[in-house]
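Step one of this worksheet: look at the structure below.
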Amino acid sequence: MGDILHAILLAALAGAAIPFGAWLAGFDRLLPGTLRNEANHWVMAFGAGALLSAVALVLIPEGIERVPGLVALLPLVLGAVAALAADVALSRRGGSKAQFMAMLMDFIPEAIAMGAILTADPNLAVLLAVLIGAQNMPEGFNADRELAASAGTSRKTRLLLFLALVPVGPLAAVMGITLFSSLPTVLGGLMLFSAGGILYLMFQDIAPQVPVDRHWSPPLGAILGFAFGLGGHILTL
């Protein structure tokens, strides 16, 4: 019971960073135009760095430890393909909720992984919770600005929406600690799946913008290149 309460607390704190980031987004208009643009880019870059650290320090190392050999590449690529499918679907609908959906796509599986890891390595679970919170804040910030610009919802409605997401983290963490902690291979696959989706979304934002009809192809190519390098790393272990 103590581990479950610990997981709920960690996930709730990490999830609370989402409405906090959305709340902070309401103050960016107080900055002058040039400074506001630089501050927004800084927030986005900070979130990308936190996401990358979660992938590099926790999700992939712990994932390949639980999923044997080159089989580990399968959930990684599947996670990227799932993010690609969501990206294409959102683009066809105008993409007004792309950042919001991206936030859910990494928050939920990471919270599950955090809960499952807690029983075996509490310190690692705390690190993952801190990284989740560090990425949730700028994601909430960007998602609020995106919804404000495209969806036409009021600030109060948006903040209530982001507050409603906070309990999602504890529910996912409890699922992780009760269902996945005894299934290490499934947990490892989930972590790698989450890492693949995160990397796709990051490559989509970071990769050079090129005039191609299939805008998803460069980040997919980056994922396959990453998988190639990861496969070589696994073979040397």
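Ligands are numbered from 1 in the order shown, chains are lettered A, B, ... in the order of the structure tokens, and residues start at 1 in each chain.
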key: Spatial neighbours of Leu74 (chain A), 9 Å, only C-alpha atoms, chain gap at least 3 places, as an NGL selection string   = :A and (70-71 or 77-79 or 189 or 192-193)
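Going from CA of Leu199 (chain A) over to CA of Pro75 (chain A), you cover 12.6 Å.
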ask   = From the list A:Leu52, A:Ala22, A:Val43, A:Leu163, which residue is nearest Phe203 (chain A) when using only C-alpha atoms?
value =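 Going through A:Leu52, A:Ala22, A:Val43, A:Leu163 one by one, the smallest distance to Phe203 (chain A) is for A:Leu52.
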request  = Pick out the residues sitting within 12 Å of Asp144 (chain A), and hand them over as a PyMOL selection string; count only C-alpha atoms, and ignore anything fewer than 4 positions along from it in its own chain.
outcome  = chain A and resi 18-28+96-101+103+136-140+148-163
Include N, CA and C atoms and write out the residues we just selected as an mmCIF file, in the first residue's frame.
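What landed in out_23.cif:
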```cif
data_model
loop_
_atom_site.group_PDB
_atom_site.id
_atom_site.type_symbol
_atom_site.label_atom_id
_atom_site.label_comp_id
_atom_site.auth_asym_id
_atom_site.auth_seq_id
_atom_site.Cartn_x
_atom_site.Cartn_y
_atom_site.Cartn_z
ATOM 1 N N ILE A 18 1.505 20.180 -15.601
ATOM 2 C CA ILE A 18 0.766 20.503 -16.831
ATOM 3 C C ILE A 18 -0.080 21.766 -16.652
ATOM 4 N N PRO A 19 -1.009 21.815 -15.669
ATOM 5 C CA PRO A 19 -1.773 23.059 -15.507
ATOM 6 C C PRO A 19 -0.904 24.232 -15.072
ATOM 7 N N PHE A 20 0.199 23.953 -14.358
ATOM 8 C CA PHE A 20 1.102 25.036 -13.972
ATOM 9 C C PHE A 20 1.708 25.680 -15.218
ATOM 10 N N GLY A 21 2.155 24.851 -16.165
ATOM 11 C CA GLY A 21 2.697 25.378 -17.411
ATOM 12 C C GLY A 21 1.640 26.150 -18.190
ATOM 13 N N ALA A 22 0.406 25.616 -18.219
ATOM 14 C CA ALA A 22 -0.680 26.312 -18.916
ATOM 15 C C ALA A 22 -0.977 27.652 -18.251
ATOM 16 N N TRP A 23 -0.913 27.691 -16.920
ATOM 17 C CA TRP A 23 -1.134 28.946 -16.189
ATOM 18 C C TRP A 23 -0.050 29.970 -16.535
ATOM 19 N N LEU A 24 1.209 29.508 -16.607
ATOM 20 C CA LEU A 24 2.305 30.416 -16.948
ATOM 21 C C LEU A 24 2.148 30.993 -18.356
ATOM 22 N N ALA A 25 1.530 30.206 -19.257
ATOM 23 C CA ALA A 25 1.367 30.674 -20.634
ATOM 24 C C ALA A 25 0.526 31.945 -20.701
ATOM 25 N N GLY A 26 -0.325 32.164 -19.714
ATOM 26 C CA GLY A 26 -1.167 33.353 -19.715
ATOM 27 C C GLY A 26 -0.400 34.634 -19.482
ATOM 28 N N PHE A 27 0.859 34.528 -19.034
ATOM 29 C CA PHE A 27 1.640 35.726 -18.731
ATOM 30 C C PHE A 27 2.629 36.080 -19.839
ATOM 31 N N ASP A 28 2.721 35.236 -20.886
ATOM 32 C CA ASP A 28 3.717 35.526 -21.915
ATOM 33 C C ASP A 28 3.389 36.791 -22.695
ATOM 34 N N SER A 96 -4.933 21.235 -34.667
ATOM 35 C CA SER A 96 -5.093 22.225 -33.614
ATOM 36 C C SER A 96 -4.797 21.678 -32.225
ATOM 37 N N LYS A 97 -4.810 20.361 -32.066
ATOM 38 C CA LYS A 97 -4.558 19.762 -30.756
ATOM 39 C C LYS A 97 -3.318 18.882 -30.782
ATOM 40 N N ALA A 98 -2.399 19.156 -31.686
ATOM 41 C CA ALA A 98 -1.223 18.304 -31.847
ATOM 42 C C ALA A 98 -0.373 18.276 -30.583
ATOM 43 N N GLN A 99 -0.099 19.444 -29.992
ATOM 44 C CA GLN A 99 0.735 19.497 -28.786
ATOM 45 C C GLN A 99 0.029 18.827 -27.614
ATOM 46 N N PHE A 100 -1.276 19.014 -27.540
ATOM 47 C CA PHE A 100 -2.060 18.398 -26.468
ATOM 48 C C PHE A 100 -1.982 16.877 -26.556
ATOM 49 N N MET A 101 -2.143 16.329 -27.754
ATOM 50 C CA MET A 101 -2.081 14.882 -27.930
ATOM 51 C C MET A 101 -0.671 14.355 -27.690
ATOM 52 N N MET A 103 1.458 15.528 -25.654
ATOM 53 C CA MET A 103 1.657 15.532 -24.209
ATOM 54 C C MET A 103 1.090 14.265 -23.583
ATOM 55 N N ASN A 136 6.498 18.103 -18.589
ATOM 56 C CA ASN A 136 5.075 18.444 -18.596
ATOM 57 C C ASN A 136 4.839 19.952 -18.520
ATOM 58 N N MET A 137 5.696 20.658 -17.794
ATOM 59 C CA MET A 137 5.489 22.097 -17.640
ATOM 60 C C MET A 137 5.560 22.821 -18.989
ATOM 61 N N PRO A 138 6.649 22.668 -19.767
ATOM 62 C CA PRO A 138 6.657 23.334 -21.086
ATOM 63 C C PRO A 138 5.632 22.768 -22.057
ATOM 64 N N GLU A 139 5.290 21.469 -21.925
ATOM 65 C CA GLU A 139 4.261 20.918 -22.802
ATOM 66 C C GLU A 139 2.903 21.535 -22.496
ATOM 67 N N GLY A 140 2.606 21.726 -21.215
ATOM 68 C CA GLY A 140 1.365 22.410 -20.846
ATOM 69 C C GLY A 140 1.360 23.848 -21.330
ATOM 70 N N ALA A 148 -5.298 28.122 -27.431
ATOM 71 C CA ALA A 148 -5.779 29.500 -27.421
ATOM 72 C C ALA A 148 -5.801 30.081 -28.829
ATOM 73 N N ALA A 149 -4.802 29.704 -29.635
ATOM 74 C CA ALA A 149 -4.689 30.264 -30.978
ATOM 75 C C ALA A 149 -5.631 29.613 -31.983
ATOM 76 N N SER A 150 -5.966 28.343 -31.751
ATOM 77 C CA SER A 150 -6.691 27.622 -32.802
ATOM 78 C C SER A 150 -8.081 27.144 -32.406
ATOM 79 N N ALA A 151 -8.286 26.843 -31.122
ATOM 80 C CA ALA A 151 -9.557 26.234 -30.727
ATOM 81 C C ALA A 151 -10.591 27.253 -30.255
ATOM 82 N N GLY A 152 -10.145 28.451 -29.891
ATOM 83 C CA GLY A 152 -11.090 29.481 -29.485
ATOM 84 C C GLY A 152 -11.719 29.257 -28.124
ATOM 85 N N THR A 153 -11.143 28.417 -27.264
ATOM 86 C CA THR A 153 -11.681 28.172 -25.932
ATOM 87 C C THR A 153 -11.205 29.264 -24.975
ATOM 88 N N SER A 154 -11.995 29.501 -23.930
ATOM 89 C CA SER A 154 -11.627 30.515 -22.954
ATOM 90 C C SER A 154 -10.487 30.020 -22.082
ATOM 91 N N ARG A 155 -9.800 30.955 -21.457
ATOM 92 C CA ARG A 155 -8.670 30.579 -20.590
ATOM 93 C C ARG A 155 -9.136 29.704 -19.429
ATOM 94 N N LYS A 156 -10.279 30.030 -18.838
ATOM 95 C CA LYS A 156 -10.804 29.241 -17.723
ATOM 96 C C LYS A 156 -11.085 27.810 -18.162
ATOM 97 N N THR A 157 -11.692 27.640 -19.330
ATOM 98 C CA THR A 157 -11.999 26.300 -19.841
ATOM 99 C C THR A 157 -10.719 25.513 -20.075
ATOM 100 N N ARG A 158 -9.709 26.178 -20.628
ATOM 101 C CA ARG A 158 -8.447 25.491 -20.891
ATOM 102 C C ARG A 158 -7.784 25.057 -19.601
ATOM 103 N N LEU A 159 -7.772 25.920 -18.605
ATOM 104 C CA LEU A 159 -7.146 25.565 -17.328
ATOM 105 C C LEU A 159 -7.877 24.399 -16.657
ATOM 106 N N LEU A 160 -9.203 24.393 -16.742
ATOM 107 C CA LEU A 160 -9.970 23.273 -16.180
ATOM 108 C C LEU A 160 -9.649 21.975 -16.919
ATOM 109 N N LEU A 161 -9.467 22.071 -18.238
ATOM 110 C CA LEU A 161 -9.100 20.893 -19.026
ATOM 111 C C LEU A 161 -7.753 20.347 -18.580
ATOM 112 N N PHE A 162 -6.783 21.221 -18.382
ATOM 113 C CA PHE A 162 -5.452 20.771 -17.967
ATOM 114 C C PHE A 162 -5.470 20.241 -16.540
ATOM 115 N N LEU A 163 -6.274 20.841 -15.676
ATOM 116 C CA LEU A 163 -6.403 20.320 -14.306
ATOM 117 C C LEU A 163 -6.999 18.913 -14.310
#
```
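For the residues A:Val166, A:Val186, A:Met202, A:Leu84, ranking by smallest atom-to-atom distance to Glu65 (chain A) using only C-alpha atoms places A:Val186 first.
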ask   = Smallest atom-to-atom distance to Gly49 (chain A): which of A:His233, A:Gly225, A:Gly15, A:Ile198, using only C-alpha atoms?
value = A:Ile198
note = Using only C-alpha atoms, the residue out of A:Ala17, A:Gly188, A:Ala143, A:Leu118 with shortest distance to Val174 (chain A) is A:Leu118
Filtered DSSP result for chain A, state alpha helix (DSSP H), as an MDAnalysis selection string = chainID A and resid 2:25 33:54 60:66 73:92 98:118 122:150 155:165 168:175 184:206 217:236
